[in-house]
Amino acid sequence: MIEMKDVYKTYPNGVTALNGINLSIDQGEFVYVVGPSGAGKSTLISMMFREEKPTKGSIAINGIQLNKLKERKVPHLRRDIGVVFQDFKLLPRLTVYENIAFALEVIEESPKNIRRRVMEVLDLVKLKNKARHIPDELSGGEQQRVSIARAIVNRPKMMIADEPTGNLDPETSWEIMRIFEEINARGTTIIMATHSKEIVNTIKKRVIAVENGRIFRDEERGEYGYEV
Amino acid sequence: MKFRTVGRHVREGGKNIYRNGWMTLASVGAVTTTLLLVGVFIVIMMNLNQIATNVEQDVEIKVLVDRTASEEQINTMEQNIESIPEVASVNFSPKEEELNSLIESMGEEGKAWALFEQENPLNDAFVVKAENPKETSVVADQIKEMKNIDNVTYGEKVVEKLLKVTKYARYIGLAIIVGLVFTAIFLISNTIKLTIMNRSKEIGIMKLVGATNSFIRWPFFIEGMLLGILGSLVPIGITVGAYYYLYNNLRSQIQLPFVEFLPFNPFAWQIAGILLAIGAFIGIWGSVMSVRKFLKV
């Protein structure tokens, strides 16, 4: 599903973010990526949906070699990957419904199927009653649920989340995690970068710890392992 | 692209028109100002062009036949002139006719010339027209080579000068219009750029969700086109209205040879069509240009 071999990344300003990453993630896994700020977590994750390109090394996602992927094919790669961010990245002028429907309009789904699928995922994240609101009218937790709904609405094989609970209070964070587990239980691979010790130590999954641009630790049912 | 996606893009583009309120107004204003100038220029240009064409079309070669030529020789001469490829028409005008038109053109004084009807001192003549006014001199030179010719005239200097003037007038007019159009494109693309600055984040989000560049670009395309069309409405109204007024009021007052305004119908509608097309073009180009930069996220 995800194969990284000897991946290096040096930014134009000279900062080295990744320093030889070798990584393999299988379909259906749930993986935490942990590590101190600036360790390269975000860069590592951004590589997976081709937001960043490696300076050296090869990456394969769903059998697609990313270094051979043409620029205009990138959107097609992303349609198989749901992304969730700390700052939600919702379109501010569209309603909740329209935000989620957008991911389906992009793949030219029929209006009938769009309506059906959007209502399904709204049900999953328990936001049916907020469908006509715009993001600014929602709480942080609700906005994050909208972005999760958008990420999974076209049934991607994997979901990538960059500190999805970073802006949320603990109670809301657990609610988000419950949704993640449900999505993972349906067979979707989840890769989640996080700073939350409680979450990693309570919901035990594979943990990949990144430090100084290298994989420092990779264990099944791991611990967070850092003092906060 | 599926049909329903076209519908979606049109809806989005339309929504953006009112979502961007003031920016829409600014863009429409830029198009309106430019098209007003362009409209006035086109009206002047096309009428000047019409006058120039009238004059050009009137350029004819007069071939005076040698008075000793026999009827047979005149016939062969006519055939020879007709066989020149650049010649459009040849009219034979016998000397009696020449004298009559001379008498007529002189009015009262001309009556004295009537005395000559018995012993006509004039030559038989051919009036020759070239296919293209620019070929007049070529045709005239060829005719000069023929036998039994007394003289060939076509107002060489005047024609050449006139052709030169009309040619430059056309080029200069065209250059001014092109310049105006590009200024407008620049203005619009800058105005739209301002609205996109706000939207560059949104474009980034759309790309993360898997939107292709063209999917993002289409609503902007539609928006630009609508801006251009909206911007062309006022100039069309003013140009057509003003032309209607001028055409009906000035035409009777100005009476000079060759000066003839283009008729209101269909000219006014052609102008409207041209302005609408230029407006849409400016809008589309302006918006597509400005999105291009932000798509390279």
# chains A, B, ... in the order shown; residues from 1 in each chain; ligands from 1
$ interface_residues --of "chain A" --to "chain B" --cutoff "8 Å" --atoms "only C-alpha atoms" --output "list in words"
Arg72, Val74, Pro75, His76, Leu77, Arg78, Arg79, Gly82, Val83, Lys89, Leu90, Leu91, Ala103, Glu105, Val106, Ile107, Glu108, Ser110 and Ala151 of chain A
$ write_last_selection --atoms "N, CA and C atoms" --output "PDB file, in the first residue's frame"
ATOM      1  N   ARG A  72      -0.252  16.160 -14.002  1.00  0.00           N
ATOM      2  CA  ARG A  72      -1.708  16.215 -14.204  1.00  0.00           C
ATOM      3  C   ARG A  72      -2.431  14.971 -13.699  1.00  0.00           C
ATOM      4  N   VAL A  74      -1.742  13.819 -10.650  1.00  0.00           N
ATOM      5  CA  VAL A  74      -1.759  13.938  -9.193  1.00  0.00           C
ATOM      6  C   VAL A  74      -3.182  13.955  -8.623  1.00  0.00           C
ATOM      7  N   PRO A  75      -4.115  14.722  -9.240  1.00  0.00           N
ATOM      8  CA  PRO A  75      -5.473  14.716  -8.701  1.00  0.00           C
ATOM      9  C   PRO A  75      -6.063  13.306  -8.605  1.00  0.00           C
ATOM     10  N   HIS A  76      -5.731  12.469  -9.569  1.00  0.00           N
ATOM     11  CA  HIS A  76      -6.292  11.111  -9.557  1.00  0.00           C
ATOM     12  C   HIS A  76      -5.747  10.302  -8.391  1.00  0.00           C
ATOM     13  N   LEU A  77      -4.468  10.526  -8.071  1.00  0.00           N
ATOM     14  CA  LEU A  77      -3.891   9.875  -6.887  1.00  0.00           C
ATOM     15  C   LEU A  77      -4.646  10.305  -5.640  1.00  0.00           C
ATOM     16  N   ARG A  78      -4.923  11.606  -5.550  1.00  0.00           N
ATOM     17  CA  ARG A  78      -5.526  12.152  -4.325  1.00  0.00           C
ATOM     18  C   ARG A  78      -6.968  11.709  -4.136  1.00  0.00           C
ATOM     19  N   ARG A  79      -7.601  11.313  -5.225  1.00  0.00           N
ATOM     20  CA  ARG A  79      -8.979  10.854  -5.081  1.00  0.00           C
ATOM     21  C   ARG A  79      -9.054   9.527  -4.338  1.00  0.00           C
ATOM     22  N   GLY A  82      -7.961  10.100   1.388  1.00  0.00           N
ATOM     23  CA  GLY A  82      -8.667  11.167   2.104  1.00  0.00           C
ATOM     24  C   GLY A  82      -7.680  11.892   3.002  1.00  0.00           C
ATOM     25  N   VAL A  83      -7.755  13.228   3.038  1.00  0.00           N
ATOM     26  CA  VAL A  83      -6.831  13.959   3.919  1.00  0.00           C
ATOM     27  C   VAL A  83      -7.596  14.786   4.947  1.00  0.00           C
ATOM     28  N   LYS A  89      -9.236  22.773   6.840  1.00  0.00           N
ATOM     29  CA  LYS A  89      -9.200  23.067   5.400  1.00  0.00           C
ATOM     30  C   LYS A  89     -10.548  22.835   4.709  1.00  0.00           C
ATOM     31  N   LEU A  90     -11.566  23.476   5.257  1.00  0.00           N
ATOM     32  CA  LEU A  90     -12.881  23.439   4.595  1.00  0.00           C
ATOM     33  C   LEU A  90     -13.003  24.681   3.719  1.00  0.00           C
ATOM     34  N   LEU A  91     -13.825  24.592   2.677  1.00  0.00           N
ATOM     35  CA  LEU A  91     -14.061  25.754   1.818  1.00  0.00           C
ATOM     36  C   LEU A  91     -15.046  26.669   2.540  1.00  0.00           C
ATOM     37  N   ALA A 103     -15.998  16.774  -3.096  1.00  0.00           N
ATOM     38  CA  ALA A 103     -15.092  15.645  -3.373  1.00  0.00           C
ATOM     39  C   ALA A 103     -15.712  14.669  -4.374  1.00  0.00           C
ATOM     40  N   GLU A 105     -18.165  15.774  -6.700  1.00  0.00           N
ATOM     41  CA  GLU A 105     -18.327  16.528  -7.956  1.00  0.00           C
ATOM     42  C   GLU A 105     -17.053  16.427  -8.786  1.00  0.00           C
ATOM     43  N   VAL A 106     -15.932  16.433  -8.072  1.00  0.00           N
ATOM     44  CA  VAL A 106     -14.629  16.357  -8.724  1.00  0.00           C
ATOM     45  C   VAL A 106     -14.498  15.082  -9.552  1.00  0.00           C
ATOM     46  N   ILE A 107     -15.081  13.988  -9.064  1.00  0.00           N
ATOM     47  CA  ILE A 107     -14.983  12.748  -9.843  1.00  0.00           C
ATOM     48  C   ILE A 107     -16.224  12.544 -10.712  1.00  0.00           C
ATOM     49  N   GLU A 108     -16.996  13.613 -10.886  1.00  0.00           N
ATOM     50  CA  GLU A 108     -18.161  13.628 -11.764  1.00  0.00           C
ATOM     51  C   GLU A 108     -19.166  12.532 -11.437  1.00  0.00           C
ATOM     52  N   SER A 110     -22.820  11.121 -10.196  1.00  0.00           N
ATOM     53  CA  SER A 110     -24.160  11.587 -10.559  1.00  0.00           C
ATOM     54  C   SER A 110     -24.810  12.258  -9.342  1.00  0.00           C
ATOM     55  N   ALA A 151     -13.268  13.529   3.608  1.00  0.00           N
ATOM     56  CA  ALA A 151     -12.134  12.653   3.291  1.00  0.00           C
ATOM     57  C   ALA A 151     -12.576  11.260   2.884  1.00  0.00           C
TER      58      ALA A 151
END
$ select_by_dssp --residues "stretch 148-290 of chain B" --states "strand (DSSP E)" --output "ChimeraX atom specification"
/B:149-153
$ write_last_selection --atoms "N, CA and C atoms" --output "PDB file, in the first residue's frame"
ATOM      1  N   ILE B 149      -3.751  53.739 -79.446  1.00  0.00           N
ATOM      2  CA  ILE B 149      -4.144  54.400 -78.205  1.00  0.00           C
ATOM      3  C   ILE B 149      -3.675  55.845 -78.279  1.00  0.00           C
ATOM      4  N   ASP B 150      -4.583  56.738 -77.919  1.00  0.00           N
ATOM      5  CA  ASP B 150      -4.209  58.144 -77.915  1.00  0.00           C
ATOM      6  C   ASP B 150      -3.657  58.523 -76.545  1.00  0.00           C
ATOM      7  N   ASN B 151      -4.355  58.120 -75.515  1.00  0.00           N
ATOM      8  CA  ASN B 151      -3.920  58.484 -74.170  1.00  0.00           C
ATOM      9  C   ASN B 151      -4.595  57.573 -73.124  1.00  0.00           C
ATOM     10  N   VAL B 152      -3.894  57.353 -71.993  1.00  0.00           N
ATOM     11  CA  VAL B 152      -4.467  56.567 -70.883  1.00  0.00           C
ATOM     12  C   VAL B 152      -4.334  57.393 -69.618  1.00  0.00           C
ATOM     13  N   THR B 153      -5.439  57.658 -68.932  1.00  0.00           N
ATOM     14  CA  THR B 153      -5.354  58.457 -67.699  1.00  0.00           C
ATOM     15  C   THR B 153      -6.116  57.779 -66.552  1.00  0.00           C
TER      16      THR B 153
END
$ residues_around --residues "A:His133" --least-positions-apart "3" --cutoff "9 Å" --atoms "only C-alpha atoms" --output "JSON, numbers by chain"
{"A": [94, 95, 96, 97, 129, 130, 136, 137, 138]}
$ residues_around --residues "A:Ile183" --least-positions-apart "4" --cutoff "10 Å" --atoms "only C-alpha atoms" --output "PyMOL selection string"
chain A and resi 28+124+148+152+155+158-159+177-179+187-190
$ select_by_dssp --residues "stretch 86-209 of chain B" --states "helix (DSSP H, G or I)" --output "ChimeraX atom specification"
/B:95-106,109-117,133-144,156-208
$ residues_around --residues "B:Ile185" --least-positions-apart "6" --cutoff "12 Å" --atoms "only C-alpha atoms" --output "JSON, numbers by chain"
{"B": [27, 28, 30, 31, 32, 34, 35, 178, 179, 191, 192, 193, 224, 225, 227, 228, 278, 279, 280, 281, 282, 283, 284, 285, 286, 287, 288, 289, 290]}
$ atom_distance --atom1 "atom CA of A:Ala17" --atom2 "atom CA of A:Val200"
23.5 Å
$ closest_residue --among "B:Val139, B:Leu163, B:Ile271, B:Ile238" --to "B:Pro85" --atoms "only C-alpha atoms"
B:Val139
$ closest_residue --among "A:Val15, A:Val84, A:Glu51, A:Val34" --to "A:Glu71" --atoms "only C-alpha atoms"
A:Glu51
$ residues_around --residues "B:Asn91" --least-positions-apart "3" --cutoff "8 Å" --atoms "only C-alpha atoms" --output "PyMOL selection string"
chain B and resi 126-128
$ residues_around --residues "stretch 36-46 of chain A" --least-positions-apart "4" --cutoff "8 Å" --atoms "only C-alpha atoms" --output "compact mmCIF listing (two decimals) with N, CA and C atoms, in the first residue's frame"
# COMPACT_ATOMS: atom_id res chain seq x y z
N ALA A 17 14.71 17.67 6.09
CA ALA A 17 13.55 17.23 6.86
C ALA A 17 13.54 15.72 7.01
N LEU A 18 13.90 15.00 5.95
CA LEU A 18 13.92 13.54 6.01
C LEU A 18 15.31 13.05 5.62
N ARG A 50 1.61 13.38 -2.17
CA ARG A 50 2.33 14.12 -3.21
C ARG A 50 2.20 15.64 -3.04
N GLU A 51 2.08 16.07 -1.77
CA GLU A 51 2.14 17.50 -1.50
C GLU A 51 3.60 17.94 -1.56
N GLU A 52 4.48 17.03 -1.12
CA GLU A 52 5.92 17.26 -1.21
C GLU A 52 6.54 16.15 -2.05
N ILE A 160 -5.27 10.04 5.44
CA ILE A 160 -4.10 10.60 6.08
C ILE A 160 -4.55 11.78 6.93
N ASP A 162 -3.26 14.79 9.60
CA ASP A 162 -2.12 15.49 10.18
C ASP A 162 -2.59 16.23 11.44
N ALA A 193 -0.68 11.55 12.09
CA ALA A 193 0.39 12.19 12.87
C ALA A 193 -0.26 12.83 14.08
N HIS A 195 0.31 14.46 18.41
CA HIS A 195 1.09 14.83 19.58
C HIS A 195 0.41 14.33 20.85
N VAL A 210 9.36 9.39 14.67
CA VAL A 210 10.32 10.05 13.77
C VAL A 210 11.14 11.04 14.58
N GLU A 211 12.45 11.00 14.37
CA GLU A 211 13.32 11.99 15.01
C GLU A 211 14.44 12.34 14.07
N ASN A 212 14.73 13.63 13.94
CA ASN A 212 15.80 14.10 13.05
C ASN A 212 15.71 13.50 11.65
N GLY A 213 14.51 13.36 11.18
CA GLY A 213 14.32 12.89 9.82
C GLY A 213 14.56 11.40 9.61
$ closest_residue --among "B:Glu72, B:Trp218, B:Lys164, B:Ala88" --to "B:Thr136" --atoms "only C-alpha atoms"
B:Ala88
